[in-house]
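Structure file run14.txt (compact mmCIF, C-alpha atoms) follows.
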```txt
# COMPACT_ATOMS: atom_id res chain seq x y z
CA MET A 112 94.96 113.27 108.59
CA PRO A 113 94.00 114.99 105.27
CA ILE A 114 97.57 116.30 105.05
CA VAL A 115 99.14 112.85 105.51
CA ILE A 116 96.72 111.29 102.98
CA ALA A 117 97.42 113.99 100.41
CA PHE A 118 101.19 113.69 100.87
CA VAL A 119 101.21 109.90 100.48
CA ALA A 120 98.80 110.09 97.50
CA GLY A 121 101.09 112.59 95.76
CA LEU A 122 104.14 110.47 96.62
CA LEU A 123 102.60 107.29 95.12
CA MET A 124 101.42 109.05 91.97
CA SER A 125 104.80 110.66 91.44
CA ALA A 126 106.65 107.39 92.12
CA GLY A 127 104.49 105.84 89.41
CA ILE A 128 105.25 108.71 87.03
CA ALA A 129 108.96 108.20 87.73
CA TYR A 130 108.97 104.38 87.55
CA SER A 131 107.05 104.39 84.24
CA GLN A 132 109.58 106.97 82.91
CA MET A 133 106.74 109.41 82.14
CA ILE A 134 108.90 111.84 84.15
CA ASP A 135 111.18 111.89 81.07
CA PRO A 136 109.87 114.28 78.37
CA ALA A 137 111.83 112.36 75.72
CA LYS A 138 109.80 109.24 76.62
CA VAL A 139 106.50 111.16 76.40
CA LEU A 140 107.51 112.72 73.07
CA GLY A 141 108.26 109.19 71.86
CA PHE A 142 104.53 108.54 72.26
CA LEU A 143 103.25 111.88 70.96
CA THR A 144 105.52 111.83 67.89
CA LEU A 145 104.03 109.51 65.28
CA ASN A 146 106.98 108.02 63.39
CA SER A 147 108.76 104.69 62.86
CA GLN A 148 110.12 104.75 66.46
CA TRP A 149 106.66 105.29 67.99
CA ASP A 150 106.61 104.21 71.66
CA PRO A 151 103.17 103.12 72.95
CA SER A 152 104.32 102.95 76.62
CA LEU A 153 102.11 105.92 77.63
CA VAL A 154 99.03 103.96 76.58
CA LEU A 155 99.92 101.20 79.05
CA VAL A 156 100.53 103.76 81.82
CA MET A 157 96.98 104.99 81.21
CA VAL A 158 95.66 101.40 81.12
CA GLY A 159 97.37 100.55 84.43
CA ALA A 160 96.16 103.74 86.12
CA LEU A 161 92.61 103.43 84.77
CA ALA A 162 92.34 99.75 85.76
CA VAL A 163 93.25 100.51 89.40
CA TYR A 164 91.39 103.82 89.70
CA ALA A 165 88.20 102.85 87.86
CA SER A 166 87.74 99.57 89.73
CA GLY A 167 88.31 101.29 93.08
CA TYR A 168 86.14 104.25 92.12
CA TRP A 169 83.13 102.15 91.17
CA LEU A 170 83.55 99.96 94.27
CA VAL A 171 83.37 102.97 96.60
CA ALA A 172 81.01 105.11 94.51
CA ALA A 173 78.10 103.46 96.30
CA LYS A 174 79.42 104.71 99.65
CA ASP A 175 77.84 107.91 100.91
CA LYS A 176 81.06 109.52 102.12
CA PRO A 177 84.87 109.17 102.14
CA PHE A 178 86.63 107.65 105.19
CA PHE A 179 88.09 110.94 106.47
CA ALA A 180 85.92 113.68 104.95
CA GLU A 181 82.30 114.78 105.08
CA HIS A 182 81.51 114.22 101.40
CA PHE A 183 82.94 113.54 97.94
CA HIS A 184 84.00 116.62 95.94
CA LEU A 185 82.96 115.87 92.36
CA PRO A 186 82.63 118.24 89.40
CA THR A 187 79.00 118.92 88.55
CA LYS A 188 79.43 120.64 85.17
CA LYS A 189 78.27 118.56 82.19
CA GLU A 190 78.39 120.83 79.14
CA LEU A 191 81.25 120.73 76.63
CA ASP A 192 81.91 124.48 76.73
CA LYS A 193 84.47 126.70 75.05
CA PRO A 194 86.97 126.83 77.99
CA LEU A 195 87.10 123.01 78.11
CA LEU A 196 87.57 122.53 74.35
CA LEU A 197 89.92 125.44 73.70
CA GLY A 198 91.85 124.94 76.96
CA SER A 199 92.45 121.25 76.24
CA ALA A 200 93.68 122.02 72.70
CA ILE A 201 96.08 124.67 74.08
CA PHE A 202 97.32 122.31 76.81
CA GLY A 203 97.96 119.62 74.20
CA ALA A 204 100.00 122.02 72.09
CA GLY A 205 102.29 122.86 75.02
CA TRP A 206 102.54 119.17 75.94
CA GLY A 207 103.55 118.25 72.39
CA LEU A 208 106.05 121.12 72.23
CA VAL A 209 108.02 120.19 75.39
CA GLY A 210 106.84 116.72 76.48
CA TYR A 211 105.86 117.89 79.97
CA CYS A 212 102.39 117.87 81.48
CA PRO A 213 101.98 119.31 85.03
CA GLY A 214 102.64 116.11 87.05
CA PRO A 215 105.90 115.02 85.40
CA ALA A 216 107.22 118.61 85.34
CA LEU A 217 106.69 119.02 89.11
CA ALA A 218 108.05 115.51 89.71
CA ALA A 219 111.26 116.37 87.83
CA LEU A 220 111.92 119.44 90.02
CA SER A 221 114.31 117.44 92.23
CA SER A 222 116.57 116.78 89.22
CA GLY A 223 117.84 120.33 89.72
CA SER A 224 117.38 120.99 85.98
CA LEU A 225 117.17 124.71 85.18
CA ALA A 226 115.11 123.87 82.06
CA THR A 227 112.52 122.06 84.19
CA LEU A 228 112.39 125.02 86.59
CA VAL A 229 111.87 127.47 83.69
CA PHE A 230 108.98 125.33 82.41
CA ILE A 231 107.38 125.18 85.88
CA VAL A 232 107.63 128.96 86.39
CA ALA A 233 106.03 129.54 82.96
CA MET A 234 103.30 126.99 83.78
CA ILE A 235 102.54 128.75 87.08
CA ALA A 236 102.35 132.06 85.18
CA GLY A 237 99.91 130.33 82.78
CA TRP A 238 97.74 129.18 85.71
CA PHE A 239 97.71 132.76 87.01
CA ILE A 240 96.72 134.12 83.58
CA SER A 241 93.91 131.56 83.21
CA ARG A 242 92.47 132.68 86.56
CA LYS A 243 92.77 136.41 85.77
CA LEU A 244 91.44 136.07 82.21
CA PRO A 245 88.64 133.50 82.22
CA ILE A 246 87.18 132.80 78.75
CA MET B 839 108.96 99.87 68.89
CA GLU B 840 112.41 99.29 70.41
CA ASN B 841 111.70 101.92 73.10
CA PHE B 842 108.54 100.17 74.36
CA THR B 843 108.69 99.40 78.12
CA PRO B 844 105.37 97.62 78.81
CA VAL B 845 106.11 96.20 82.28
CA GLU B 846 107.36 99.48 83.79
CA ALA B 847 104.50 101.35 82.09
CA LEU B 848 101.77 99.09 83.48
CA MET B 849 103.26 98.93 86.99
CA GLY B 850 104.00 102.65 87.12
CA GLY B 851 100.52 103.39 85.82
CA GLY B 852 99.07 101.15 88.52
CA LEU B 853 100.94 103.18 91.17
CA VAL B 854 99.57 106.42 89.71
CA GLY B 855 96.06 104.97 89.89
CA LEU B 856 96.62 103.76 93.45
CA GLY B 857 97.74 107.20 94.68
CA ALA B 858 94.81 108.90 92.97
CA LEU B 859 92.37 106.32 94.34
CA MET B 860 93.71 106.80 97.86
CA LEU B 861 92.98 110.54 97.69
CA PHE B 862 89.44 109.84 96.50
CA ILE B 863 88.54 107.07 98.97
CA PHE B 864 90.01 108.74 102.04
CA SER B 865 89.55 112.45 101.32
CA GLY B 866 86.89 112.48 98.60
CA ARG B 867 89.06 114.56 96.28
CA ILE B 868 89.81 114.20 92.57
CA ALA B 869 93.58 113.82 92.08
CA GLY B 870 94.00 116.39 89.32
CA ILE B 871 97.60 117.57 89.61
CA SER B 872 97.12 120.86 87.68
CA GLY B 873 94.04 121.84 89.70
CA ILE B 874 95.54 120.94 93.08
CA ALA B 875 98.90 122.66 92.38
CA SER B 876 97.36 125.87 90.99
CA SER B 877 94.82 126.08 93.83
CA ALA B 878 97.64 125.50 96.34
CA LEU B 879 99.23 128.68 94.96
CA PHE B 880 96.26 130.87 94.05
CA SER B 881 93.42 129.89 96.39
CA ASN B 882 93.36 130.58 100.14
CA ASP B 883 90.91 127.77 100.73
CA GLY B 884 92.24 124.27 101.57
CA ARG B 885 95.84 125.20 101.00
CA SER B 886 97.54 122.86 103.51
CA TRP B 887 96.42 119.49 102.06
CA ARG B 888 97.12 120.76 98.54
CA LEU B 889 100.66 121.82 99.46
CA ALA B 890 101.20 118.41 101.10
CA PHE B 891 100.06 116.70 97.87
CA VAL B 892 102.46 118.82 95.78
CA ALA B 893 105.28 118.01 98.23
CA GLY B 894 104.52 114.32 97.65
CA ILE B 895 104.67 114.84 93.87
CA VAL B 896 108.05 116.59 94.17
CA LEU B 897 109.51 113.91 96.49
CA GLY B 898 108.23 110.78 94.66
CA PRO B 899 111.21 110.51 92.28
CA VAL B 900 113.61 111.02 95.23
CA LEU B 901 112.04 107.96 96.85
CA VAL B 902 112.30 105.93 93.62
CA GLY B 903 115.95 106.99 93.33
CA MET B 904 116.63 105.64 96.85
CA LEU B 905 114.92 102.32 96.07
CA LEU B 906 116.32 101.72 92.57
CA SER B 907 120.05 102.16 92.10
CA ASP B 908 119.81 102.45 88.28
CA PHE B 909 117.03 105.07 88.23
CA SER B 910 117.70 108.02 85.93
CA TYR B 911 115.84 110.23 83.47
CA SER B 912 116.57 113.06 81.08
CA THR B 913 115.40 116.68 81.30
CA PRO B 914 114.86 119.13 78.41
CA VAL B 915 117.58 121.27 76.87
CA LEU B 916 117.27 124.89 78.02
CA ASN B 917 115.56 126.90 75.27
CA TRP B 918 112.74 129.39 74.56
CA GLN B 919 110.28 126.59 73.81
CA LEU B 920 110.10 125.83 77.55
CA ILE B 921 108.58 129.27 78.23
CA VAL B 922 106.03 128.95 75.42
CA GLY B 923 105.25 125.34 76.35
CA GLY B 924 104.93 126.10 80.06
CA LEU B 925 102.58 129.02 79.39
CA LEU B 926 100.44 126.90 77.03
CA VAL B 927 100.27 124.02 79.55
CA GLY B 928 99.38 126.43 82.39
CA VAL B 929 96.75 128.45 80.52
CA GLY B 930 95.35 125.36 78.79
CA THR B 931 94.95 123.24 81.94
CA GLY B 932 93.55 126.29 83.76
CA TRP B 933 90.86 127.01 81.17
CA GLY B 934 90.30 123.33 80.44
CA SER B 935 89.90 122.47 84.16
CA GLY B 936 92.38 119.63 84.15
CA CYS B 937 95.29 117.69 82.74
CA THR B 938 96.41 114.12 82.15
CA SER B 939 95.67 113.08 85.74
CA GLY B 940 92.38 114.86 86.47
CA HIS B 941 90.74 114.34 83.07
CA GLY B 942 92.82 111.45 81.70
CA ILE B 943 92.66 109.14 84.72
CA CYS B 944 90.07 110.29 87.28
CA GLY B 945 87.58 111.76 84.79
CA ILE B 946 87.67 108.90 82.30
CA SER B 947 87.22 106.43 85.18
CA ARG B 948 84.07 108.31 86.23
CA LEU B 949 82.92 108.17 82.58
CA SER B 950 82.70 111.97 82.56
CA GLY B 951 81.82 113.22 79.07
CA ARG B 952 83.81 116.42 79.67
CA SER B 953 86.94 114.49 80.67
CA ILE B 954 86.70 111.98 77.82
CA THR B 955 86.34 114.88 75.37
CA ALA B 956 89.20 116.85 76.95
CA THR B 957 91.53 113.82 76.87
CA ILE B 958 90.82 113.10 73.19
CA ILE B 959 91.47 116.77 72.34
CA PHE B 960 94.75 117.15 74.24
CA MET B 961 96.05 113.80 72.97
CA LEU B 962 95.31 114.74 69.34
CA SER B 963 96.63 118.28 69.78
CA GLY B 964 99.79 116.97 71.47
CA MET B 965 100.38 114.40 68.73
CA LEU B 966 99.83 117.00 66.01
CA VAL B 967 102.32 119.48 67.49
CA ALA B 968 104.91 116.83 68.43
CA THR B 969 104.75 115.10 65.06
CA LEU B 970 105.08 118.37 63.14
CA LEU B 971 107.98 119.64 65.27
CA HIS B 972 110.05 116.59 66.18
```
Let me see the structure of the file written as structure tokens.
Amino acid sequence: MPIVIAFVAGLLMSAGIAYSQMIDPAKVLGFLTLNSQWDPSLVLVMVGALAVYASGYWLVAAKDKPFFAEHFHLPTKKELDKPLLLGSAIFGAGWGLVGYCPGPALAALSSGSLATLVFIVAMIAGWFISRKLPI
Amino acid sequence: MENFTPVEALMGGGLVGLGALMLFIFSGRIAGISGIASSALFSNDGRSWRLAFVAGIVLGPVLVGMLLSDFSYSTPVLNWQLIVGGLLVGVGTGWGSGCTSGHGICGISRLSGRSITATIIFMLSGMLVATLLH
């Protein structure tokens, strides 16, 4: 059951990324690039996602456990430490350079684009480096 | 704002939220795509559900393409920036414990101070780099 849930969850999220065109790095760069053609679409993608997720989250937050698991897995860390601040700034720089964040890049794999594949391989190498060299 | 697509953005965003919510309600997991995909590759623990989630992410656009006849999107031009950008996104989301989905959607919804801070930082950093370069 966890495998089916995870697959369908990923499928829905990715369908949303595709339908909203966030799968297209040109569309994302249209939001990140502040000029006369600025495209606020990404803000509404966030609004739509937050409206659904936040309302559902706070409705079930009172429950003591998920339907098909023993307990909720929630981050416990609270402090704004160096890895969070520096990591987020570095992630943003890569996002602004190419227009891909992890979800849309993986979603665009089926396009068969070599450029997308190169980005994904570099991103995986980056994940490996971050695990080997924690800051 | 001739490129603005508000209806598709809101509906697509709603689908993203629905998928993420499903993972939380049924499995109790935060739908952070960077964390799930990197742990699927580099952690031996809980690999099968994470691989299934990544398979769903990869196949979502195939499903949309079957449902909508006019569905298409562009991909980047092949250049060295993809390697630099990919490395920065990988290292940054690894150190920063999340990306647009985990911090930007799930974390903000939980009112996590860490996620709200992370989202503000990567949005500003992304805008700065994109605006200077494009």
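Among the candidates A:Lys188, A:Pro245, A:Trp238, A:Ser224, the one nearest to B:Ser877 when counting all atoms listed in the file is A:Trp238.
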Requested in this report: Take atom CA of A:Lys189 and atom CA of B:Gly942 and report the distance between them in Å, one decimal.
Outcome: 16.2 Å
Requested in this report: Between atom CA of B:Val854 and atom CA of A:Gly214, measure the distance and give it in Å to one decimal.
Outcome: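 Pair atom CA of B:Val854 / atom CA of A:Gly214 returns 10.5 Å.
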**Report entry** Residue contacts of stretch 151-160 of chain A (6 Å, all atoms listed in the file) excluding same-chain residues fewer than 4 positions away, as a PyMOL selection string
**Finding:** (chain A and resi 142+164) or (chain B and resi 842-844+847-848+851-852+854-855)
Can you pull out the residues contacting B:His972? Cut-off 9 Å, using all atoms listed in the file, and skip same-chain residues under 2 positions away; I want them as a PDB file with C-alpha atoms, in the coordinates of the input.
```pdb
ATOM      1  CA  LEU A 140     107.510 112.720  73.070  1.00  0.00           C
ATOM      2  CA  THR A 144     105.520 111.830  67.890  1.00  0.00           C
ATOM      3  CA  LEU A 208     106.050 121.120  72.230  1.00  0.00           C
TER       4      LEU A 208
ATOM      5  CA  VAL B 967     102.320 119.480  67.490  1.00  0.00           C
ATOM      6  CA  ALA B 968     104.910 116.830  68.430  1.00  0.00           C
ATOM      7  CA  THR B 969     104.750 115.100  65.060  1.00  0.00           C
ATOM      8  CA  LEU B 970     105.080 118.370  63.140  1.00  0.00           C
TER       9      LEU B 970
END
```
Query - Residue among B:Leu966, B:Ala956, B:Val896, B:Val845 lying closest to A:Leu195, counting all atoms listed in the file - result: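 Nearest candidate to A:Leu195 out of B:Leu966, B:Ala956, B:Val896, B:Val845: B:Ala956.
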Query raised in the report: Pick the closest to B:Gly870 from A:Gly210, A:Pro194, A:Pro113, A:Pro186: which is it, counting all atoms listed in the file?
Result: A:Pro186
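Atom CA of B:Ile946 is found 17.5 Å from atom CA of A:Asp192.
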**Report entry** Residue nearest chain A among B:Gly873, B:Gly903, B:Gly857, B:Gly884 (counting only C-alpha atoms)
**Finding:**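 Among B:Gly873, B:Gly903, B:Gly857, B:Gly884, it is B:Gly857 that comes nearest to chain A.
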Query raised in the report: Between B:Cys937, B:Leu926, B:Ile959, B:Ile874, which has the minimum distance to A:Ala204 (counting all atoms listed in the file)?
Result: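 Distance minimum relative to A:Ala204 lands on B:Leu926.
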List the spatial neighbours of A:Ala219 as a compact mmCIF listing (two decimals) with C-alpha atoms, in the frame of the given file - criterion: any atom at most 9 Å away, all atoms listed in the file, same-chain residues fewer than 2 positions off excluded.
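Dumped everything to selection.txt:
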```
# COMPACT_ATOMS: atom_id res chain seq x y z
CA ALA A 129 108.96 108.20 87.73
CA ILE A 134 108.90 111.84 84.15
CA ASP A 135 111.18 111.89 81.07
CA GLY A 214 102.64 116.11 87.05
CA PRO A 215 105.90 115.02 85.40
CA ALA A 216 107.22 118.61 85.34
CA LEU A 217 106.69 119.02 89.11
CA SER A 221 114.31 117.44 92.23
CA SER A 222 116.57 116.78 89.22
CA GLY A 223 117.84 120.33 89.72
CA SER A 224 117.38 120.99 85.98
CA THR A 227 112.52 122.06 84.19
CA LEU A 228 112.39 125.02 86.59
CA VAL B 896 108.05 116.59 94.17
CA PRO B 899 111.21 110.51 92.28
CA TYR B 911 115.84 110.23 83.47
CA THR B 913 115.40 116.68 81.30
```
Query raised in the report: Looking at B:Trp887, B:Ser910, B:Leu905, B:Asn882, which one is nearest to chain A, with distances taken over only C-alpha atoms?
Result: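 The closest residue to chain A is B:Trp887.
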Report task. Write out as a ChimeraX atom specification each polymer residue whose atoms come within 8 Å of stretch 173-183 of chain A, counting only C-alpha atoms; drop sequence neighbours fewer than 2 positions from it. Result -> /A:112-113,169-171,185 /B:862-867
